[in-house]
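Reproduced below: run_36.cif, with mmCIF, C-alpha atoms and all ligand atoms.
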```
data_target
loop_
_atom_site.label_atom_id
_atom_site.label_comp_id
_atom_site.auth_asym_id
_atom_site.auth_seq_id
_atom_site.Cartn_x
_atom_site.Cartn_y
_atom_site.Cartn_z
CA MET A 69 53.89 -52.14 63.35
CA ASN A 70 57.38 -52.09 64.91
CA SER A 71 58.28 -48.40 65.23
CA ASN A 72 61.98 -49.24 65.27
CA TYR A 73 61.75 -50.19 61.58
CA LEU A 74 61.02 -47.94 58.66
CA HIS A 75 57.72 -48.60 56.91
CA ILE A 76 56.94 -47.46 53.39
CA GLY A 77 53.30 -47.35 52.39
CA GLY A 78 52.53 -49.45 55.47
CA ILE A 79 55.08 -52.17 54.63
CA SER A 80 58.21 -52.85 56.65
CA ALA A 81 61.42 -52.06 54.79
CA LEU A 82 62.85 -55.24 56.31
CA ASP A 83 60.15 -57.35 54.74
CA LEU A 84 60.77 -55.66 51.41
CA ILE A 85 64.47 -56.43 51.41
CA ASP A 86 63.88 -59.99 52.57
CA LYS A 87 61.68 -60.44 49.56
CA TYR A 88 63.52 -58.40 46.91
CA GLY A 89 67.08 -57.79 48.16
CA THR A 90 69.10 -54.57 47.96
CA PRO A 91 69.72 -52.10 46.44
CA LEU A 92 66.02 -51.60 45.96
CA PHE A 93 63.95 -48.66 44.74
CA VAL A 94 60.63 -48.51 46.57
CA TYR A 95 57.88 -46.16 45.37
CA ASP A 96 54.99 -45.14 47.58
CA ILE A 97 52.33 -44.93 44.88
CA GLU A 98 49.87 -43.12 47.11
CA ARG A 99 52.41 -40.31 47.26
CA VAL A 100 52.79 -40.30 43.45
CA ARG A 101 49.01 -39.97 43.15
CA GLU A 102 48.87 -37.18 45.77
CA ASN A 103 51.55 -35.23 43.91
CA ALA A 104 49.80 -35.65 40.57
CA ARG A 105 46.47 -34.66 42.11
CA SER A 106 47.81 -31.50 43.72
CA PHE A 107 48.62 -30.22 40.22
CA VAL A 108 45.43 -31.49 38.59
CA HIS A 109 43.03 -30.41 41.35
CA THR A 110 44.51 -26.92 41.51
CA PHE A 111 43.97 -26.38 37.80
CA GLN A 112 40.45 -27.78 38.14
CA LYS A 113 39.67 -25.44 41.04
CA LEU A 114 40.90 -22.47 39.04
CA GLU A 115 38.66 -23.58 36.17
CA VAL A 116 41.20 -23.04 33.41
CA PRO A 117 41.90 -25.42 30.53
CA PHE A 118 45.08 -27.38 31.26
CA GLN A 119 47.20 -30.47 30.77
CA VAL A 120 49.62 -31.90 33.30
CA ALA A 121 52.17 -33.92 31.34
CA TYR A 122 54.34 -36.21 33.45
CA ALA A 123 57.97 -35.77 32.32
CA SER A 124 58.75 -39.45 32.02
CA LYS A 125 62.52 -38.89 31.90
CA ALA A 126 62.31 -38.62 35.71
CA PHE A 127 61.29 -42.27 35.91
CA SER A 128 59.90 -44.20 32.99
CA SER A 129 58.64 -47.76 33.31
CA ILE A 130 55.50 -49.48 32.10
CA ALA A 131 54.01 -49.58 35.60
CA MET A 132 54.80 -45.93 36.26
CA LEU A 133 53.15 -44.84 33.02
CA GLN A 134 50.10 -46.95 33.90
CA VAL A 135 49.80 -44.94 37.12
CA ALA A 136 50.24 -41.66 35.20
CA LYS A 137 47.50 -42.78 32.83
CA GLN A 138 45.16 -43.66 35.73
CA GLU A 139 45.70 -40.17 37.11
CA GLY A 140 44.66 -38.64 33.80
CA LEU A 141 48.08 -37.13 33.12
CA SER A 142 49.58 -36.45 29.70
CA LEU A 143 53.13 -37.55 28.99
CA ASP A 144 56.38 -35.85 27.99
CA VAL A 145 58.75 -38.22 26.16
CA VAL A 146 62.16 -37.53 24.64
CA SER A 147 63.23 -40.64 22.77
CA GLU A 148 62.12 -43.74 20.89
CA GLY A 149 62.66 -45.70 24.10
CA GLU A 150 60.35 -43.41 26.05
CA ILE A 151 57.72 -43.46 23.26
CA TYR A 152 57.94 -47.25 23.13
CA THR A 153 57.49 -47.50 26.91
CA ALA A 154 54.38 -45.32 26.59
CA ILE A 155 53.02 -47.55 23.85
CA GLU A 156 53.69 -50.69 25.86
CA ALA A 157 51.86 -49.06 28.79
CA ASP A 158 48.97 -48.38 26.41
CA PHE A 159 49.22 -44.69 27.13
CA PRO A 160 46.70 -42.63 25.12
CA ARG A 161 48.68 -41.54 22.03
CA GLU A 162 46.97 -38.17 21.79
CA LYS A 163 48.28 -37.25 25.24
CA ILE A 164 51.95 -37.91 24.41
CA HIS A 165 54.25 -34.95 23.67
CA LEU A 166 57.64 -35.52 22.03
CA HIS A 167 60.63 -33.41 23.02
CA GLY A 168 64.29 -33.38 22.03
CA ASN A 169 66.95 -31.09 20.62
CA ASN A 170 68.12 -33.64 18.06
CA LYS A 171 65.17 -35.84 17.28
CA SER A 172 66.20 -38.56 14.91
CA GLU A 173 64.32 -39.49 11.78
CA ALA A 174 63.41 -42.77 13.48
CA GLU A 175 61.97 -40.93 16.49
CA LEU A 176 59.95 -38.60 14.27
CA ARG A 177 58.70 -41.53 12.19
CA MET A 178 57.61 -43.34 15.32
CA ALA A 179 55.80 -40.22 16.54
CA ILE A 180 54.02 -39.77 13.18
CA GLU A 181 53.17 -43.45 12.77
CA GLN A 182 51.80 -43.65 16.31
CA ASP A 183 49.82 -40.40 15.89
CA ILE A 184 51.20 -38.96 19.09
CA GLY A 185 49.53 -35.81 20.39
CA CYS A 186 52.15 -33.20 19.76
CA ILE A 187 55.75 -32.64 18.75
CA VAL A 188 57.63 -29.86 20.49
CA VAL A 189 59.66 -28.46 17.61
CA ASP A 190 63.13 -27.45 18.72
CA ASN A 191 65.20 -26.28 15.72
CA PHE A 192 65.27 -25.53 11.98
CA TYR A 193 66.82 -28.89 11.07
CA GLU A 194 63.89 -30.61 12.74
CA ILE A 195 61.32 -28.46 10.92
CA ALA A 196 62.82 -29.47 7.56
CA LEU A 197 63.04 -33.14 8.50
CA LEU A 198 59.53 -33.23 9.87
CA LYS A 199 58.14 -31.44 6.83
CA ASP A 200 59.59 -34.08 4.47
CA LEU A 201 58.20 -36.87 6.62
CA LEU A 202 54.74 -35.32 6.79
CA TYR A 203 54.65 -35.23 2.99
CA GLU A 204 55.81 -38.81 2.79
CA TYR A 205 53.11 -39.97 5.24
CA ASP A 206 50.57 -37.46 3.94
CA LYS A 207 49.73 -36.50 7.51
CA GLU A 208 49.37 -33.44 9.70
CA VAL A 209 50.87 -32.99 13.14
CA ASN A 210 50.26 -30.78 16.16
CA VAL A 211 53.34 -28.82 17.14
CA LEU A 212 54.49 -26.49 19.87
CA LEU A 213 57.36 -24.13 19.24
CA ARG A 214 60.06 -24.47 21.90
CA LEU A 215 61.41 -21.05 22.85
CA THR A 216 64.37 -20.14 25.04
CA PRO A 217 63.25 -17.12 26.98
CA GLY A 218 66.69 -16.23 28.37
CA ILE A 219 65.80 -16.77 32.01
CA GLU A 220 68.38 -18.08 34.44
CA ALA A 221 66.64 -20.23 37.00
CA HIS A 222 68.35 -20.41 40.38
CA THR A 223 69.53 -23.96 40.33
CA HIS A 224 72.55 -26.08 39.53
CA ASP A 225 74.30 -25.11 36.27
CA TYR A 226 74.02 -28.55 34.70
CA ILE A 227 70.27 -28.46 34.74
CA LEU A 228 69.73 -25.03 33.30
CA THR A 229 67.94 -25.32 29.98
CA GLY A 230 66.11 -22.02 29.55
CA GLN A 231 69.00 -19.57 29.38
CA GLU A 232 69.86 -17.96 26.07
CA ASP A 233 73.06 -19.93 25.61
CA SER A 234 71.23 -23.24 25.53
CA LYS A 235 71.15 -26.21 23.19
CA PHE A 236 67.35 -26.22 23.39
CA GLY A 237 64.82 -24.25 21.39
CA PHE A 238 64.61 -21.08 19.35
CA ASP A 239 66.03 -17.86 20.75
CA ILE A 240 63.15 -15.58 21.67
CA ASN A 241 65.39 -12.50 21.72
CA SER A 242 66.41 -12.69 18.07
CA ASP A 243 64.33 -13.11 14.92
CA GLN A 244 64.91 -16.91 15.06
CA ALA A 245 61.63 -17.56 16.82
CA ASP A 246 59.69 -15.44 14.29
CA GLN A 247 61.35 -17.24 11.38
CA ALA A 248 60.51 -20.61 12.89
CA LEU A 249 56.88 -19.65 13.34
CA GLN A 250 56.75 -18.35 9.77
CA GLN A 251 58.09 -21.66 8.44
CA LEU A 252 55.51 -23.63 10.42
CA LEU A 253 52.61 -21.37 9.46
CA ASP A 254 53.64 -21.62 5.80
CA ASP A 255 52.84 -25.32 5.75
CA ASP A 256 49.31 -26.54 6.45
CA ARG A 257 50.59 -29.86 7.71
CA PHE A 258 51.81 -28.16 10.87
CA LYS A 259 49.03 -27.37 13.33
CA VAL A 260 50.81 -24.81 15.49
CA LEU A 261 49.14 -25.22 18.88
CA GLY A 262 51.36 -22.72 20.64
CA VAL A 263 54.62 -22.23 22.48
CA HIS A 264 56.73 -24.07 25.02
CA CYS A 265 59.52 -23.15 27.39
CA HIS A 266 61.30 -24.96 30.21
CA ILE A 267 63.48 -22.77 32.41
CA GLY A 268 65.26 -25.35 34.53
CA SER A 269 64.83 -27.91 37.25
CA GLN A 270 64.55 -28.04 41.06
CA ILE A 271 63.25 -24.44 41.19
CA PHE A 272 62.00 -23.05 44.52
CA GLU A 273 60.55 -19.72 43.39
CA THR A 274 57.83 -18.63 41.04
CA SER A 275 59.65 -15.50 39.82
CA GLY A 276 61.57 -17.31 37.03
CA PHE A 277 58.35 -18.79 35.64
CA ILE A 278 56.65 -15.41 35.80
CA MET A 279 59.50 -13.74 33.91
CA ALA A 280 59.33 -16.51 31.30
CA ILE A 281 55.58 -16.04 30.89
CA ARG A 282 56.13 -12.31 30.33
CA LYS A 283 58.72 -13.08 27.63
CA LEU A 284 56.45 -15.63 25.92
CA PHE A 285 53.58 -13.15 25.85
CA GLU A 286 55.81 -10.46 24.34
CA ALA A 287 56.31 -12.86 21.43
CA LEU A 288 52.63 -13.88 21.36
CA GLY A 289 51.52 -10.22 21.31
CA ARG A 290 53.91 -9.48 18.45
CA TRP A 291 52.85 -12.57 16.51
CA ASN A 292 49.23 -11.63 16.90
CA ARG A 293 49.98 -8.34 15.15
CA THR A 294 52.47 -9.55 12.52
CA PHE A 295 51.15 -13.03 11.69
CA ASP A 296 47.59 -12.72 12.95
CA TYR A 297 48.52 -15.80 14.98
CA GLU A 298 46.92 -16.68 18.29
CA ALA A 299 48.27 -19.54 20.43
CA SER A 300 45.84 -22.00 21.91
CA VAL A 301 48.46 -23.60 24.20
CA ILE A 302 51.23 -22.24 26.41
CA ASN A 303 53.43 -24.98 27.88
CA LEU A 304 55.59 -23.82 30.79
CA GLY A 305 57.65 -26.99 31.23
CA GLY A 306 58.53 -28.57 34.55
CA GLY A 307 61.11 -27.78 37.18
CA PHE A 308 59.05 -27.52 40.38
CA GLY A 309 61.44 -28.17 43.25
CA ILE A 310 61.19 -30.83 45.96
CA LYS A 311 62.71 -31.28 49.40
CA TYR A 312 65.77 -33.54 49.49
CA THR A 313 67.22 -32.24 52.77
CA ASP A 314 66.28 -29.60 55.34
CA GLU A 315 68.23 -27.06 53.28
CA ASP A 316 65.54 -27.23 50.56
CA GLU A 317 62.46 -25.07 50.85
CA PRO A 318 60.21 -25.71 47.87
CA LEU A 319 56.72 -24.24 47.61
CA PRO A 320 53.69 -26.49 47.99
CA LEU A 321 52.92 -27.75 44.45
CA ASN A 322 49.57 -25.95 44.25
CA GLU A 323 51.28 -22.59 44.79
CA TYR A 324 53.34 -22.97 41.62
CA VAL A 325 50.16 -23.66 39.67
CA VAL A 326 48.28 -20.69 41.15
CA ALA A 327 51.16 -18.32 40.34
CA LEU A 328 51.46 -19.62 36.78
CA VAL A 329 47.74 -19.44 36.08
CA GLU A 330 47.37 -15.91 37.51
CA SER A 331 50.29 -14.67 35.46
CA VAL A 332 49.03 -16.23 32.20
CA GLN A 333 45.53 -14.85 32.80
CA GLN A 334 46.93 -11.39 33.47
CA HIS A 335 49.09 -11.30 30.34
CA ALA A 336 46.37 -12.70 28.11
CA THR A 337 43.98 -9.99 29.32
CA ASP A 338 46.59 -7.22 28.98
CA LYS A 339 47.44 -8.28 25.42
CA ASN A 340 43.83 -8.85 24.48
CA LEU A 341 44.47 -12.48 23.60
CA LYS A 342 42.26 -15.46 24.33
CA LEU A 343 43.33 -17.47 27.39
CA PRO A 344 45.47 -20.35 26.09
CA GLU A 345 45.36 -23.84 27.59
CA ILE A 346 48.10 -24.01 30.21
CA TRP A 347 50.29 -27.11 30.05
CA ILE A 348 53.00 -28.08 32.52
CA GLU A 349 55.51 -30.94 32.54
CA PRO A 350 56.45 -31.91 36.10
CA GLY A 351 58.78 -34.88 36.49
CA ARG A 352 60.69 -34.66 39.75
CA SER A 353 57.78 -33.21 41.73
CA ILE A 354 55.57 -36.17 40.83
CA VAL A 355 57.91 -39.06 41.60
CA GLY A 356 60.87 -37.60 43.52
CA ASP A 357 59.67 -37.76 47.11
CA ALA A 358 57.70 -40.96 46.47
CA GLY A 359 60.91 -42.99 45.99
CA THR A 360 63.23 -44.42 48.63
CA THR A 361 66.33 -46.50 47.95
CA LEU A 362 67.15 -49.31 50.36
CA TYR A 363 70.75 -50.47 50.70
CA THR A 364 72.62 -52.87 52.95
CA ILE A 365 75.60 -51.46 54.82
CA GLY A 366 78.75 -53.48 54.23
CA SER A 367 82.25 -52.38 55.13
CA ILE A 368 82.80 -49.63 57.68
CA LYS A 369 86.09 -47.79 57.84
CA GLU A 370 87.40 -45.16 60.20
CA VAL A 371 90.09 -42.72 59.07
CA PRO A 372 91.45 -41.82 62.53
CA ASN A 373 90.52 -38.28 63.57
CA VAL A 374 89.05 -37.56 60.14
CA ARG A 375 85.89 -39.45 59.28
CA LYS A 376 84.00 -42.70 59.28
CA TYR A 377 82.93 -44.27 56.00
CA ALA A 378 80.11 -46.80 55.67
CA SER A 379 79.77 -48.44 52.27
CA VAL A 380 76.52 -49.57 50.72
CA ASP A 381 75.88 -52.21 48.07
CA GLY A 382 74.99 -49.61 45.40
CA GLY A 383 76.07 -46.04 44.71
CA MET A 384 76.63 -44.01 41.56
CA THR A 385 75.23 -46.86 39.47
CA ASP A 386 71.76 -46.40 40.98
CA ASN A 387 72.12 -42.73 41.98
CA ILE A 388 74.58 -40.69 39.99
CA ARG A 389 73.17 -37.35 41.17
CA PRO A 390 75.57 -36.78 44.10
CA ALA A 391 78.60 -37.43 41.85
CA LEU A 392 77.20 -35.46 38.91
CA TYR A 393 75.49 -32.50 40.57
CA GLN A 394 76.79 -32.64 44.17
CA ALA A 395 73.16 -33.41 45.01
CA LYS A 396 72.38 -33.89 48.69
CA TYR A 397 70.14 -36.54 50.23
CA ASP A 398 68.82 -37.44 53.64
CA ALA A 399 68.80 -41.02 54.90
CA VAL A 400 68.04 -43.13 57.97
CA VAL A 401 69.20 -46.46 59.28
CA ALA A 402 65.94 -48.23 58.59
CA ASN A 403 66.32 -50.90 61.29
CA LYS A 404 67.31 -48.42 64.04
CA LEU A 405 64.73 -45.65 63.81
CA ASP A 406 64.27 -45.46 67.60
CA GLN A 407 67.93 -45.15 68.39
CA GLU A 408 69.59 -41.85 69.07
CA ARG A 409 71.69 -40.50 66.21
CA THR A 410 75.06 -40.24 67.92
CA GLU A 411 77.63 -40.49 65.14
CA LEU A 412 78.52 -38.91 61.82
CA VAL A 413 79.11 -41.31 58.98
CA SER A 414 79.76 -40.67 55.29
CA ILE A 415 77.96 -43.06 52.97
CA ALA A 416 80.10 -44.44 50.16
CA GLY A 417 79.00 -46.38 47.10
CA LYS A 418 80.80 -49.52 45.96
CA CYS A 419 82.07 -48.33 42.57
CA CYS A 420 85.79 -48.22 41.98
CA GLU A 421 85.90 -44.44 42.05
CA SER A 422 86.59 -42.04 44.97
CA GLY A 423 83.83 -39.74 43.75
CA ASP A 424 81.26 -42.44 44.37
CA MET A 425 79.94 -40.94 47.61
CA LEU A 426 76.20 -40.76 48.29
CA ILE A 427 76.04 -38.66 51.46
CA TRP A 428 78.70 -36.82 53.44
CA ASP A 429 78.43 -36.61 57.22
CA LEU A 430 75.08 -38.22 57.85
CA LYS A 431 73.92 -38.33 61.47
CA VAL A 432 73.14 -41.94 62.39
CA PRO A 433 72.87 -44.24 65.42
CA GLU A 434 75.88 -46.47 65.99
CA ILE A 435 76.12 -48.24 62.66
CA ALA A 436 77.10 -51.87 61.94
CA ASN A 437 77.51 -54.08 58.89
CA GLY A 438 74.22 -55.58 57.88
CA ASP A 439 72.26 -52.45 58.83
CA LEU A 440 69.74 -51.23 56.32
CA LEU A 441 70.11 -47.70 54.94
CA ALA A 442 67.10 -45.92 53.45
CA VAL A 443 67.89 -42.90 51.27
CA TYR A 444 64.87 -40.65 50.83
CA SER A 445 63.55 -38.82 47.77
CA THR A 446 65.36 -40.89 45.16
CA GLY A 447 62.29 -41.33 42.95
CA ALA A 448 63.32 -38.87 40.23
CA TYR A 449 66.41 -39.32 38.04
CA GLY A 450 67.60 -42.19 40.23
CA TYR A 451 66.61 -45.41 38.48
CA ALA A 452 66.19 -43.32 35.31
CA MET A 453 69.89 -42.43 35.27
CA SER A 454 71.17 -45.72 36.60
CA ASN A 455 73.92 -47.42 34.68
CA ASN A 456 76.14 -50.50 34.59
CA TYR A 457 79.48 -48.92 35.54
CA ASN A 458 81.83 -51.61 36.85
CA ARG A 459 79.35 -54.03 35.26
CA PHE A 460 77.01 -53.78 38.21
CA PRO A 461 73.51 -55.01 37.40
CA LYS A 462 70.72 -52.44 37.82
CA ALA A 463 68.59 -52.50 40.97
CA ALA A 464 64.99 -53.68 41.16
CA VAL A 465 61.95 -51.41 41.54
CA VAL A 466 58.96 -52.16 43.75
CA PHE A 467 55.67 -50.26 44.08
CA VAL A 468 53.80 -50.23 47.37
CA GLU A 469 50.17 -49.16 47.71
CA ASN A 470 47.28 -50.07 50.00
CA GLY A 471 49.53 -52.27 52.14
CA LYS A 472 50.64 -54.36 49.14
CA ASP A 473 53.99 -54.54 47.37
CA GLN A 474 54.60 -55.44 43.75
CA LEU A 475 57.77 -55.87 41.74
CA VAL A 476 57.57 -53.58 38.67
CA VAL A 477 61.14 -53.69 37.33
CA LYS A 478 63.15 -56.86 37.86
CA ARG A 479 66.66 -56.76 39.25
CA GLU A 480 69.28 -57.26 36.55
CA HIS A 481 71.65 -60.18 36.69
CA TYR A 482 75.25 -59.76 35.56
CA LYS A 483 74.31 -61.99 32.61
CA ASP A 484 71.88 -59.24 31.54
CA VAL A 485 74.75 -56.78 31.61
CA LEU A 486 76.68 -58.99 29.21
CA ARG A 487 73.77 -59.87 26.99
CA TYR A 488 74.99 -57.98 23.93
CA ASP A 489 78.69 -58.79 24.34
CA LEU A 490 80.17 -60.80 21.48
CA SER A 491 83.50 -62.54 21.47
CA TYR A 492 86.22 -61.30 19.17
CA GLU A 493 87.34 -63.86 16.62
N1 LIG A 501 60.19 -30.56 30.52
C1 LIG A 501 61.37 -30.44 29.90
C2 LIG A 501 61.40 -29.90 28.54
C3 LIG A 501 62.54 -30.83 30.54
O1 LIG A 501 63.70 -30.70 29.91
C4 LIG A 501 62.48 -31.36 31.84
C5 LIG A 501 63.69 -31.80 32.53
C6 LIG A 501 61.23 -31.48 32.46
C7 LIG A 501 60.10 -31.06 31.77
C8 LIG A 501 61.04 -32.05 33.84
O2 LIG A 501 61.70 -31.30 34.80
P1 LIG A 501 61.47 -31.63 36.36
O3 LIG A 501 60.04 -31.28 36.69
O4 LIG A 501 61.73 -33.06 36.56
O5 LIG A 501 62.45 -30.75 37.05
N2 LIG A 501 68.88 -35.20 35.60
C9 LIG A 501 68.66 -33.94 36.28
C10 LIG A 501 67.42 -33.25 35.84
C11 LIG A 501 67.41 -32.97 34.35
C12 LIG A 501 66.12 -32.35 33.94
C13 LIG A 501 66.06 -32.27 32.45
N3 LIG A 501 64.83 -31.78 31.98
C14 LIG A 501 68.63 -34.21 37.79
O6 LIG A 501 68.80 -35.34 38.18
O7 LIG A 501 68.46 -33.29 38.56
#
```
Spit out the file's structure as structure tokens when you get a sec.
Amino acid sequence: MNSNYLHIGGISALDLIDKYGTPLFVYDIERVRENARSFVHTFQKLEVPFQVAYASKAFSSIAMLQVAKQEGLSLDVVSEGEIYTAIEADFPREKIHLHGNNKSEAELRMAIEQDIGCIVVDNFYEIALLKDLLYEYDKEVNVLLRLTPGIEAHTHDYILTGQEDSKFGFDINSDQADQALQQLLDDDRFKVLGVHCHIGSQIFETSGFIMAIRKLFEALGRWNRTFDYEASVINLGGGFGIKYTDEDEPLPLNEYVVALVESVQQHATDKNLKLPEIWIEPGRSIVGDAGTTLYTIGSIKEVPNVRKYASVDGGMTDNIRPALYQAKYDAVVANKLDQERTELVSIAGKCCESGDMLIWDLKVPEIANGDLLAVYSTGAYGYAMSNNYNRFPKAAVVFVENGKDQLVVKREHYKDVLRYDLSYE
């Protein structure tokens, strides 16, 4: 193994780009499995009933869902496209959970027809729509009630979903949540498994989750008295943070689980309620640090006395997070690992937009065109949010495991980008 070259899952990044080209998403599948297992094994050790549902919005593809299935995970989906991917991956229907703040009739029909495991009910419109459909199909469905507990997680504003002023869920602090539960309990076709909340994403502390659990149990205690209702599931969403750069200090994944379980056990005992099954929905923490994006460096430009720019053959089309959330990433020159990092270079994408910058002021060895840049921790919301701006085709995705590489999403061709274009007569 040449130590001057980056290896991913035992395979040289140079060999990967020779075979598949750039930009290229490479997933180390052993890492995906390790991440999944740190959640699953911790729950198992604590001997509590649980489900770990992979939030497939972070990265959904048939191959990825096959891995999630092998690891015994459940699945969080939010659209017909994500349900369809799950079906194509032959994911067990009963382990699929459907989310969404504006589920369409088509999405709900698909969920009912496919007998998916549970629908996370988000609003009154959805309850009415779902009720009509259940009568039409003469079926029952498991539901969770999505609640907004009014917790502000310490993270970027755009990815806050659990605060009171949110488009998601029923407000726990007004009588909305009680009314929603009443409506669901009034109809036998709804099997109300329990409650759900998701307080945000890329969270480094357990305190927000613990506050949310307290809020959920206030409602559960009240509902036990007023409706004689006892939840058999409490779903605490995802949001467990990962390390993108040295500035990030997430907890080890097992520590989130331990804190959540202890808090749920405590509240259940205090309120004299049975211990519900604890469900979580990690996305980023399962795939984020398992993904690396490989690019080829093209043009290099020096603005005298200001900065040096090096442009790669991708950018905001394969990773929109820096432009959208000012997200930071770490990267290395994959063919110069042994060389001293002597210069600062800012990594630009190739889109026709000044905001298309991937990394500002990255420390690198002396850089040249043709060098290979590897950006770390791009496995979550990278390919998933990729787009065809400037009519760039989407990158390819490769999995590596046990010293073998396999293409799992083909690279698009510009003809694919145009495939639905029609000429105007
Ligand atoms: N469950 C629910 C209901 C969610 O809304 C989300 C993420 C998750 C689970 C998974 O969260 P995770 O464990 O991945 O943090 N595009 C943004 C992230 C948006 C997250 C939306 N919901 C980003 O690139 O940072």
Query raised in the report: So which residues touch Leu430 of chain A within 8 Å, counting all atoms listed in the file, skipping near sequence neighbours fewer than 2 positions away, as a PyMOL selection string?
Result: chain A and resi 398-399+412-415+427-428+432
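Atom CA of Ala123 of chain A is positioned 11.9 Å from atom CA of Ser147 of chain A.
Note that the spacing between atom CA of Tyr482 of chain A and atom CA of Ala81 of chain A amounts to 24.9 Å.
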Query - Close residues, segment 375-392 of chain A itself excluded, 7 Å, all atoms listed in the file, min 3 positions apart in chain, as a ChimeraX atom specification - result: /A:91,363-372,395-396,413-419,423-426,450-451,453-457,462-463
Query - Test item: residues no farther than 6 Å from ligand LIG 501 (chain A), counting all atoms listed in the file, as a PyMOL selection string - result: chain A and resi 123+126+227+266+269-270+305-308+349-353+389+449
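If you look at atom CA of Cys186 of chain A and atom CA of His165 of chain A, they are 4.8 Å away from each other.
Considering all atoms listed in the file, the residue among A:His335, A:Arg409, A:Arg479, A:Lys431 positioned nearest to Thr90 of chain A is A:Arg479.
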Query raised in the report: Of the candidates A:Met132, A:Val116, A:Ile310, A:Val329, which one gets nearest to Ala452 of chain A if we count only C-alpha atoms?
Result: A:Met132
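Close to (50.4, -51.3, 30.5), meaning no more than 9 Å away when counting only C-alpha atoms, sit the residues Ile130, Ala131, Leu133, Gln134, Thr153, Ala154, Ile155, Glu156, Ala157, Asp158 and Phe159 of chain A.
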Report task. Mind listing whatever residues come within 10 Å of the point (63.8, -46.8, 64.3)? Use all atoms listed in the file, file coordinates, and give them as a list in words. Result -> Asn70, Ser71, Asn72, Tyr73, Leu74, His75, Val400, Val401, Ala402, Asn403, Lys404, Leu405, Asp406, Gln407, Glu408 and Pro433 of chain A
Query raised in the report: From the list A:Glu194, A:Val100, A:Ile240, A:Tyr444, which residue is nearest Thr313 of chain A when using all atoms listed in the file?
Result: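 Selected residue with least distance to Thr313 of chain A: A:Tyr444.
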Query raised in the report: Which residue out of A:Leu440, A:Leu213, A:Val466, A:Val476 has the minimum interatomic distance to Lys259 of chain A when all atoms listed in the file are used?
Result: A:Leu213
Listed atoms of segment 183-189 of chain A boxed along x, y and z, 3 Å each side, centre and edge lengths in Å, one decimal, as lines of an AutoDock Vina configuration file:
```
center_x = 54.6
center_y = -34.4
center_z = 18.2
size_x = 16.1
size_y = 17.9
size_z = 10.6
```
Report task. Would you mind listing what lies within 12 Å of Leu253 of chain A as a list of chain:residue names, with all atoms listed in the file counted and same-chain residues fewer than 4 positions away left out? Result -> A:Ile195, A:Lys199, A:Asn210, A:Val211, A:Leu212, A:Leu213, A:Asp246, A:Gln247, A:Ala248, A:Leu249, A:Arg257, A:Phe258, A:Lys259, A:Val260, A:Leu261, A:Gly262, A:Trp291, A:Phe295, A:Asp296, A:Tyr297, A:Glu298, A:Ala299
Query raised in the report: For Ala136 of chain A, which of A:Val332, A:Val355, A:Leu304, A:Ile85 is the closest residue, counting all atoms listed in the file?
Result: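 Among the listed residues, A:Val355 lies closest to Ala136 of chain A.
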Query raised in the report: Which of these, A:Glu317, A:Asp439, A:Asp255, A:Glu162, has the shortest distance to Gln182 of chain A once you count only C-alpha atoms?
Result: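 Ranked by minimum distance to Gln182 of chain A, first place goes to A:Glu162.
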Requested in this report: With a distance cut-off of 12 Å and all atoms listed in the file, select the neighbouring residues of Glu204 of chain A, excluding the residue or stretch itself and same-chain residues fewer than 4 positions from it, and output the selection as JSON, numbers by chain.
Outcome: {"A": [177, 180, 181, 197, 198, 199, 200, 208, 257]}
Residues as selected, C-alpha atoms, written as a tab-separated table (two decimals), keeping the file's coordinate frame, can you do that?
```tsv
chain	number	residue	atom	x	y	z
A	177	ARG	CA	58.70	-41.53	12.19
A	180	ILE	CA	54.02	-39.77	13.18
A	181	GLU	CA	53.17	-43.45	12.77
A	197	LEU	CA	63.04	-33.14	8.50
A	198	LEU	CA	59.53	-33.23	9.87
A	199	LYS	CA	58.14	-31.44	6.83
A	200	ASP	CA	59.59	-34.08	4.47
A	208	GLU	CA	49.37	-33.44	9.70
A	257	ARG	CA	50.59	-29.86	7.71
```
What lies within 9 Å of Ala280 of chain A using only C-alpha atoms, ignoring chain neighbours under 5 positions off, as a PDB file with C-alpha atoms, keeping the file's coordinate frame?
```pdb
ATOM      1  CA  THR A 216      64.370 -20.140  25.040  1.00  0.00           C
ATOM      2  CA  PRO A 217      63.250 -17.120  26.980  1.00  0.00           C
ATOM      3  CA  GLY A 218      66.690 -16.230  28.370  1.00  0.00           C
ATOM      4  CA  ILE A 219      65.800 -16.770  32.010  1.00  0.00           C
ATOM      5  CA  GLY A 230      66.110 -22.020  29.550  1.00  0.00           C
ATOM      6  CA  CYS A 265      59.520 -23.150  27.390  1.00  0.00           C
ATOM      7  CA  HIS A 266      61.300 -24.960  30.210  1.00  0.00           C
ATOM      8  CA  ILE A 267      63.480 -22.770  32.410  1.00  0.00           C
ATOM      9  CA  SER A 275      59.650 -15.500  39.820  1.00  0.00           C
ATOM     10  CA  PHE A 285      53.580 -13.150  25.850  1.00  0.00           C
ATOM     11  CA  LEU A 304      55.590 -23.820  30.790  1.00  0.00           C
TER      12      LEU A 304
END
```
